[in-house]
>>> print(open('upload05.pdb').read())   # PDB, C-alpha atoms and all ligand atoms
ATOM      1  CA  MET A 270     213.965 -61.286 136.116
ATOM      2  CA  ILE A 271     214.515 -63.499 133.098
ATOM      3  CA  ILE A 272     213.577 -67.163 133.529
ATOM      4  CA  ILE A 273     213.988 -69.944 130.976
ATOM      5  CA  LEU A 274     211.944 -73.104 131.416
ATOM      6  CA  LEU A 275     213.458 -76.190 129.828
ATOM      7  CA  GLY A 276     211.842 -79.614 129.762
ATOM      8  CA  ALA A 277     210.184 -82.188 127.542
ATOM      9  CA  PRO A 278     206.700 -81.618 126.156
ATOM     10  CA  GLY A 279     204.356 -82.417 129.028
ATOM     11  CA  SER A 280     206.996 -81.782 131.695
ATOM     12  CA  GLY A 281     204.795 -79.091 133.208
ATOM     13  CA  LYS A 282     206.744 -76.048 131.965
ATOM     14  CA  GLY A 283     203.572 -74.289 130.872
ATOM     15  CA  THR A 284     201.861 -74.802 134.223
ATOM     16  CA  GLN A 285     204.883 -73.458 136.117
ATOM     17  CA  ALA A 286     205.233 -70.556 133.692
ATOM     18  CA  VAL A 287     201.635 -69.438 134.300
ATOM     19  CA  MET A 288     202.178 -69.500 138.088
ATOM     20  CA  LEU A 289     205.542 -67.719 137.948
ATOM     21  CA  ALA A 290     204.275 -65.058 135.550
ATOM     22  CA  GLU A 291     201.478 -64.265 137.961
ATOM     23  CA  LYS A 292     203.746 -64.229 141.016
ATOM     24  CA  TYR A 293     206.383 -61.947 139.499
ATOM     25  CA  SER A 294     204.013 -59.922 137.247
ATOM     26  CA  ILE A 295     206.106 -60.554 134.158
ATOM     27  CA  PRO A 296     204.912 -61.889 130.790
ATOM     28  CA  HIS A 297     204.795 -65.587 130.012
ATOM     29  CA  ILE A 298     206.150 -66.051 126.500
ATOM     30  CA  SER A 299     205.350 -69.435 124.991
ATOM     31  CA  THR A 300     206.495 -69.858 121.393
ATOM     32  CA  GLY A 301     204.053 -72.778 121.092
ATOM     33  CA  ASP A 302     201.154 -70.504 122.157
ATOM     34  CA  ILE A 303     202.268 -67.820 119.676
ATOM     35  CA  PHE A 304     202.312 -70.401 116.862
ATOM     36  CA  ARG A 305     198.929 -71.884 117.852
ATOM     37  CA  TYR A 306     197.370 -68.405 117.993
ATOM     38  CA  ASN A 307     198.623 -67.696 114.479
ATOM     39  CA  ILE A 308     197.430 -71.046 113.154
ATOM     40  CA  LYS A 309     193.989 -70.484 114.671
ATOM     41  CA  ASN A 310     193.766 -67.040 113.078
ATOM     42  CA  ASP A 311     195.150 -68.290 109.779
ATOM     43  CA  THR A 312     197.849 -65.592 109.594
ATOM     44  CA  PRO A 313     200.812 -65.815 107.178
ATOM     45  CA  LEU A 314     202.970 -67.023 110.100
ATOM     46  CA  GLY A 315     200.309 -69.591 111.015
ATOM     47  CA  LYS A 316     200.277 -70.919 107.448
ATOM     48  CA  GLU A 317     204.055 -71.183 107.471
ATOM     49  CA  VAL A 318     204.352 -73.130 110.733
ATOM     50  CA  LYS A 319     201.218 -75.295 110.633
ATOM     51  CA  LEU A 320     202.738 -78.330 108.920
ATOM     52  CA  TYR A 321     205.767 -78.485 111.189
ATOM     53  CA  ILE A 322     203.627 -78.381 114.298
ATOM     54  CA  GLU A 323     201.116 -80.928 113.062
ATOM     55  CA  LYS A 324     203.962 -83.324 112.373
ATOM     56  CA  GLY A 325     205.590 -82.720 115.767
ATOM     57  CA  LEU A 326     208.675 -81.177 114.114
ATOM     58  CA  LEU A 327     210.479 -78.051 115.200
ATOM     59  CA  VAL A 328     209.758 -74.791 113.411
ATOM     60  CA  PRO A 329     212.941 -73.475 111.699
ATOM     61  CA  ASP A 330     215.318 -71.698 114.046
ATOM     62  CA  GLN A 331     215.593 -68.354 112.305
ATOM     63  CA  LEU A 332     211.845 -67.849 112.089
ATOM     64  CA  THR A 333     211.423 -68.762 115.763
ATOM     65  CA  CYS A 334     214.297 -66.512 116.866
ATOM     66  CA  ASN A 335     212.882 -63.518 114.981
ATOM     67  CA  ILE A 336     209.560 -63.910 116.754
ATOM     68  CA  VAL A 337     211.178 -64.094 120.172
ATOM     69  CA  GLU A 338     213.477 -61.157 119.461
ATOM     70  CA  ASP A 339     210.509 -58.959 118.517
ATOM     71  CA  ARG A 340     208.510 -60.094 121.520
ATOM     72  CA  ILE A 341     211.175 -59.488 124.172
ATOM     73  CA  LYS A 342     211.795 -55.961 122.872
ATOM     74  CA  GLN A 343     208.251 -54.989 123.809
ATOM     75  CA  GLU A 344     207.581 -52.618 126.684
ATOM     76  CA  ASP A 345     205.945 -55.216 128.951
ATOM     77  CA  CYS A 346     209.197 -57.232 128.976
ATOM     78  CA  LYS A 347     211.286 -54.448 130.479
ATOM     79  CA  ASN A 348     211.161 -55.960 134.001
ATOM     80  CA  GLY A 349     211.720 -59.471 132.723
ATOM     81  CA  PHE A 350     209.827 -62.397 131.230
ATOM     82  CA  ILE A 351     209.469 -66.150 131.332
ATOM     83  CA  LEU A 352     210.364 -68.141 128.255
ATOM     84  CA  ASP A 353     208.447 -71.407 127.913
ATOM     85  CA  GLY A 354     209.458 -73.627 124.982
ATOM     86  CA  PHE A 355     212.318 -71.408 123.810
ATOM     87  CA  PRO A 356     215.187 -72.042 123.284
ATOM     88  CA  ARG A 357     214.771 -75.552 121.907
ATOM     89  CA  THR A 358     218.060 -75.901 120.016
ATOM     90  CA  ILE A 359     221.671 -74.910 120.679
ATOM     91  CA  TYR A 360     221.398 -72.356 117.862
ATOM     92  CA  GLN A 361     218.373 -70.748 119.527
ATOM     93  CA  ALA A 362     220.190 -70.675 122.885
ATOM     94  CA  GLU A 363     223.199 -68.958 121.315
ATOM     95  CA  MET A 364     220.928 -66.481 119.544
ATOM     96  CA  LEU A 365     219.112 -65.767 122.796
ATOM     97  CA  ASP A 366     222.388 -64.938 124.558
ATOM     98  CA  GLU A 367     223.197 -62.648 121.642
ATOM     99  CA  MET A 368     219.785 -60.926 121.700
ATOM    100  CA  LEU A 369     220.034 -60.367 125.453
ATOM    101  CA  GLY A 370     223.645 -59.233 125.143
ATOM    102  CA  LYS A 371     222.502 -56.477 122.763
ATOM    103  CA  GLN A 372     220.098 -55.288 125.466
ATOM    104  CA  GLN A 373     222.790 -55.725 128.166
ATOM    105  CA  ARG A 374     220.710 -58.311 129.952
ATOM    106  CA  ILE A 375     221.372 -61.856 131.133
ATOM    107  CA  ILE A 376     219.290 -64.913 131.970
ATOM    108  CA  ASP A 377     218.690 -65.165 135.721
ATOM    109  CA  TYR A 378     217.464 -68.765 135.938
ATOM    110  CA  VAL A 379     217.451 -71.751 133.603
ATOM    111  CA  LEU A 380     215.074 -74.242 135.190
ATOM    112  CA  ASN A 381     215.112 -77.729 133.739
ATOM    113  CA  ILE A 382     211.900 -79.565 134.657
ATOM    114  CA  ALA A 383     213.035 -83.182 134.376
ATOM    115  CA  VAL A 384     210.593 -86.045 133.645
ATOM    116  CA  ASP A 385     210.963 -89.501 132.045
ATOM    117  CA  ASP A 386     209.609 -90.220 128.544
ATOM    118  CA  ASP A 387     206.945 -92.659 129.791
ATOM    119  CA  VAL A 388     205.577 -89.999 132.156
ATOM    120  CA  VAL A 389     205.474 -87.553 129.237
ATOM    121  CA  ILE A 390     203.375 -89.918 127.130
ATOM    122  CA  LYS A 391     200.911 -90.500 129.967
ATOM    123  CA  ARG A 392     200.611 -86.811 130.716
ATOM    124  CA  LEU A 393     200.104 -85.645 127.148
ATOM    125  CA  SER A 394     197.415 -88.204 126.406
ATOM    126  CA  GLY A 395     195.277 -86.817 129.255
ATOM    127  CA  ARG A 396     196.083 -83.129 128.810
ATOM    128  CA  ARG A 397     193.216 -80.679 128.282
ATOM    129  CA  MET A 398     193.770 -77.035 127.358
ATOM    130  CA  CYS A 399     191.818 -73.848 127.982
ATOM    131  CA  PRO A 400     192.050 -71.215 125.204
ATOM    132  CA  ASN A 401     193.478 -68.795 127.810
ATOM    133  CA  GLY A 402     196.397 -71.068 128.730
ATOM    134  CA  HIS A 403     195.097 -72.853 131.856
ATOM    135  CA  ILE A 404     196.071 -76.505 131.718
ATOM    136  CA  TYR A 405     194.296 -79.583 133.123
ATOM    137  CA  HIS A 406     194.774 -83.346 133.181
ATOM    138  CA  ILE A 407     191.868 -85.759 133.224
ATOM    139  CA  ASP A 408     193.392 -87.794 136.111
ATOM    140  CA  SER A 409     195.853 -85.668 138.038
ATOM    141  CA  ASN A 410     194.271 -82.210 137.704
ATOM    142  CA  PRO A 411     190.702 -82.541 136.417
ATOM    143  CA  PRO A 412     188.524 -79.424 136.018
ATOM    144  CA  GLU A 413     185.628 -79.045 138.467
ATOM    145  CA  VAL A 414     183.116 -79.310 135.614
ATOM    146  CA  GLU A 415     184.098 -81.794 132.922
ATOM    147  CA  GLY A 416     185.293 -80.044 129.767
ATOM    148  CA  LYS A 417     185.170 -76.496 131.248
ATOM    149  CA  CYS A 418     187.951 -74.283 132.581
ATOM    150  CA  ASN A 419     187.643 -73.542 136.339
ATOM    151  CA  VAL A 420     188.955 -70.011 135.868
ATOM    152  CA  CYS A 421     187.267 -68.711 132.720
ATOM    153  CA  GLN A 422     184.566 -71.371 132.092
ATOM    154  CA  LYS A 423     185.713 -71.734 128.470
ATOM    155  CA  ASP A 424     185.444 -75.108 126.722
ATOM    156  CA  LEU A 425     188.603 -77.191 127.109
ATOM    157  CA  TYR A 426     190.181 -78.775 124.044
ATOM    158  CA  ILE A 427     192.803 -81.427 123.188
ATOM    159  CA  ARG A 428     195.810 -80.113 121.303
ATOM    160  CA  ASN A 429     196.141 -81.681 117.835
ATOM    161  CA  ASP A 430     199.776 -82.442 118.519
ATOM    162  CA  ASP A 431     198.907 -84.397 121.680
ATOM    163  CA  GLN A 432     197.842 -87.362 119.497
ATOM    164  CA  PRO A 433     200.068 -90.442 120.165
ATOM    165  CA  GLU A 434     201.886 -90.445 116.779
ATOM    166  CA  THR A 435     202.743 -86.752 117.032
ATOM    167  CA  VAL A 436     203.805 -87.114 120.651
ATOM    168  CA  LYS A 437     206.380 -89.709 119.541
ATOM    169  CA  GLU A 438     207.804 -87.255 116.975
ATOM    170  CA  ARG A 439     207.894 -84.453 119.525
ATOM    171  CA  LEU A 440     209.832 -86.637 121.933
ATOM    172  CA  ILE A 441     212.329 -87.518 119.196
ATOM    173  CA  ALA A 442     212.742 -83.797 118.402
ATOM    174  CA  TYR A 443     213.163 -83.087 122.105
ATOM    175  CA  ASN A 444     215.775 -85.782 122.692
ATOM    176  CA  ASN A 445     217.765 -84.906 119.551
ATOM    177  CA  ALA A 446     217.622 -81.128 119.492
ATOM    178  CA  THR A 447     216.639 -79.853 122.927
ATOM    179  CA  LYS A 448     218.212 -82.247 125.420
ATOM    180  CA  PRO A 449     221.751 -81.075 124.462
ATOM    181  CA  LEU A 450     220.760 -77.700 125.922
ATOM    182  CA  GLU A 451     221.123 -79.208 129.385
ATOM    183  CA  GLU A 452     224.846 -79.607 128.755
ATOM    184  CA  PHE A 453     225.003 -76.170 127.105
ATOM    185  CA  TYR A 454     223.643 -74.449 130.217
ATOM    186  CA  GLU A 455     225.456 -76.808 132.585
ATOM    187  CA  ARG A 456     228.782 -75.839 131.028
ATOM    188  CA  SER A 457     228.124 -72.176 131.757
ATOM    189  CA  LYS A 458     226.876 -73.128 135.283
ATOM    190  CA  ARG A 459     223.388 -71.839 134.587
ATOM    191  CA  LEU A 460     221.374 -75.068 134.758
ATOM    192  CA  ILE A 461     219.078 -75.763 137.708
ATOM    193  CA  ASN A 462     217.438 -79.205 137.688
ATOM    194  CA  ILE A 463     213.957 -79.546 139.132
ATOM    195  CA  ASN A 464     212.213 -82.898 139.695
ATOM    196  CA  GLY A 465     209.171 -82.644 137.404
ATOM    197  CA  GLU A 466     207.672 -85.946 138.541
ATOM    198  CA  GLN A 467     205.782 -84.360 141.428
ATOM    199  CA  THR A 468     202.455 -82.562 141.625
ATOM    200  CA  PRO A 469     202.400 -79.095 140.035
ATOM    201  CA  ASN A 470     202.328 -77.500 143.501
ATOM    202  CA  GLN A 471     205.306 -79.526 144.724
ATOM    203  CA  VAL A 472     207.257 -78.551 141.613
ATOM    204  CA  TYR A 473     206.302 -74.918 142.208
ATOM    205  CA  VAL A 474     207.566 -75.077 145.821
ATOM    206  CA  GLU A 475     210.888 -76.524 144.567
ATOM    207  CA  VAL A 476     211.120 -73.773 141.944
ATOM    208  CA  LEU A 477     210.460 -71.004 144.469
ATOM    209  CA  LYS A 478     213.228 -72.387 146.708
ATOM    210  CA  VAL A 479     215.834 -71.762 144.022
ATOM    211  CA  ILE A 480     214.587 -68.357 142.855
TER     212      ILE A 480
HETATM  213  P1  LIG B   1     204.903 -76.341 122.763
HETATM  214  O1  LIG B   1     203.584 -75.716 123.006
HETATM  215  O2  LIG B   1     206.035 -75.591 123.429
HETATM  216  O3  LIG B   1     204.942 -77.818 123.072
HETATM  217  O4  LIG B   1     205.192 -76.194 121.178
HETATM  218  C1  LIG B   1     204.347 -76.790 120.235
HETATM  219  C2  LIG B   1     205.070 -76.935 118.913
HETATM  220  O5  LIG B   1     205.452 -75.642 118.431
HETATM  221  C3  LIG B   1     206.368 -77.723 118.975
HETATM  222  O6  LIG B   1     206.154 -79.126 118.894
HETATM  223  C4  LIG B   1     207.103 -77.166 117.759
HETATM  224  O7  LIG B   1     206.565 -77.719 116.559
HETATM  225  C5  LIG B   1     206.723 -75.697 117.795
HETATM  226  N1  LIG B   1     207.670 -74.904 118.603
HETATM  227  C6  LIG B   1     207.414 -74.279 119.782
HETATM  228  N2  LIG B   1     208.502 -73.646 120.241
HETATM  229  C7  LIG B   1     209.486 -73.890 119.342
HETATM  230  C8  LIG B   1     210.863 -73.536 119.254
HETATM  231  N3  LIG B   1     211.466 -72.812 120.212
HETATM  232  N4  LIG B   1     211.554 -73.947 118.169
HETATM  233  C9  LIG B   1     210.987 -74.662 117.188
HETATM  234  N5  LIG B   1     209.696 -75.069 117.218
HETATM  235  C10 LIG B   1     208.958 -74.682 118.273
END
>>> encode(input="upload05.pdb", output="structure tokens", more="lines below")
Ligand code: AMP
Amino acid sequence: MIIILLGAPGSGKGTQAVMLAEKYSIPHISTGDIFRYNIKNDTPLGKEVKLYIEKGLLVPDQLTCNIVEDRIKQEDCKNGFILDGFPRTIYQAEMLDEMLGKQQRIIDYVLNIAVDDDVVIKRLSGRRMCPNGHIYHIDSNPPEVEGKCNVCQKDLYIRNDDQPETVKERLIAYNNATKPLEEFYERSKRLININGEQTPNQVYVEVLKVI
């Protein structure tokens, strides 16, 4: 099963992706996580993408597509995968169809987790991350022990790009480059809209109804 999660930063794509990956035992591929891992480990890719991410800008398409193409060819993706944060431009969406076409595969579900911009800003300012991908919010989903992940007890951190100025840039990038994807997938009758302004569990229930 191949699932694409669309939605603004802070829409809850990552949270849903973690739950779906566990339920269907398929990998969760987050281009943002791949970039952050490389930045943290100071790899050549990390050096190349760091400035874009810190400014809230999109990483160039070709670079991003190459990474995804390599990743989805790996053995653990043979039964499917969940893409979180890719595609983010029409070019990336066209490239993805091409990559999958080469493997004679198609996307099963394009889930668009819809939330308003003001909700996004509120959510991102309270978001706390675990290094292993578990996500919390100081008001709506606080960890049991402040600053520690419930699952792996690791210290939680605030993403650099969740600072207010960067959030504004990310929303601009989303509205300009990524929002047109809704029409792209709508035209080919692949778009499924999900109300993202509910609790993570309610969103999950809605998602499972359509899968
Ligand atoms: P995310 O964790 O999905 O919010 O991504 C964090 C940042 O990584 C974004 O603000 C972009 O700078 C970059 N990024 C992630 N995925 C993509 C993509 N598909 N295309 C371009 N840039 C991306």
>>> residues_around(input="upload05.pdb", residues="range 345-354 of chain A", least_positions_apart="4", cutoff="10 Å", atoms="all atoms listed in the file", output="PyMOL selection string")
chain A and resi 270-278+282-287+289-290+293-302+337+340-341+374+376-379+447
>>> resolve_selection(input="upload05.pdb", expression="the PyMOL selection byres (((not hetatm)) within 10 of (chain B and resi 1))", output="compact mmCIF listing (two decimals) with C-alpha atoms, in the coordinates of the input")
# COMPACT_ATOMS: atom_id res chain seq x y z
CA LEU A 275 213.46 -76.19 129.83
CA GLY A 276 211.84 -79.61 129.76
CA ALA A 277 210.18 -82.19 127.54
CA PRO A 278 206.70 -81.62 126.16
CA GLY A 279 204.36 -82.42 129.03
CA SER A 280 207.00 -81.78 131.70
CA LYS A 282 206.74 -76.05 131.96
CA GLY A 283 203.57 -74.29 130.87
CA SER A 299 205.35 -69.44 124.99
CA THR A 300 206.50 -69.86 121.39
CA GLY A 301 204.05 -72.78 121.09
CA ASP A 302 201.15 -70.50 122.16
CA ILE A 303 202.27 -67.82 119.68
CA PHE A 304 202.31 -70.40 116.86
CA ARG A 305 198.93 -71.88 117.85
CA VAL A 318 204.35 -73.13 110.73
CA LYS A 319 201.22 -75.30 110.63
CA LEU A 320 202.74 -78.33 108.92
CA TYR A 321 205.77 -78.48 111.19
CA ILE A 322 203.63 -78.38 114.30
CA GLU A 323 201.12 -80.93 113.06
CA LYS A 324 203.96 -83.32 112.37
CA GLY A 325 205.59 -82.72 115.77
CA LEU A 326 208.68 -81.18 114.11
CA LEU A 327 210.48 -78.05 115.20
CA VAL A 328 209.76 -74.79 113.41
CA PRO A 329 212.94 -73.47 111.70
CA ASP A 330 215.32 -71.70 114.05
CA GLN A 331 215.59 -68.35 112.30
CA LEU A 332 211.84 -67.85 112.09
CA THR A 333 211.42 -68.76 115.76
CA CYS A 334 214.30 -66.51 116.87
CA ILE A 336 209.56 -63.91 116.75
CA VAL A 337 211.18 -64.09 120.17
CA LEU A 352 210.36 -68.14 128.26
CA ASP A 353 208.45 -71.41 127.91
CA GLY A 354 209.46 -73.63 124.98
CA PHE A 355 212.32 -71.41 123.81
CA PRO A 356 215.19 -72.04 123.28
CA ARG A 357 214.77 -75.55 121.91
CA THR A 358 218.06 -75.90 120.02
CA TYR A 360 221.40 -72.36 117.86
CA GLN A 361 218.37 -70.75 119.53
CA ALA A 362 220.19 -70.68 122.88
CA ARG A 428 195.81 -80.11 121.30
CA ASN A 429 196.14 -81.68 117.84
CA ASP A 430 199.78 -82.44 118.52
CA ASP A 431 198.91 -84.40 121.68
CA THR A 435 202.74 -86.75 117.03
CA VAL A 436 203.80 -87.11 120.65
CA GLU A 438 207.80 -87.26 116.98
CA ARG A 439 207.89 -84.45 119.52
CA LEU A 440 209.83 -86.64 121.93
CA ALA A 442 212.74 -83.80 118.40
CA TYR A 443 213.16 -83.09 122.10
CA ALA A 446 217.62 -81.13 119.49
CA THR A 447 216.64 -79.85 122.93
>>> resolve_selection(input="upload05.pdb", expression="the PyMOL selection byres (((chain A and resi 474-479) around 9) and not hetatm)", output="MDAnalysis selection string")
chainID A and resid 285 289 378 380 461 463:464 469:473 480
>>> residues_near_point(input="upload05.pdb", point="(199.5, -82.7, 139.8)", cutoff="6 Å", atoms="only C-alpha atoms", output="ChimeraX atom specification")
/A:409-410,468-469
>>> atom_distance(input="upload05.pdb", atom1="CA of Glu451 in chain A", atom2="CA of Val389 in chain A")
17.7 Å
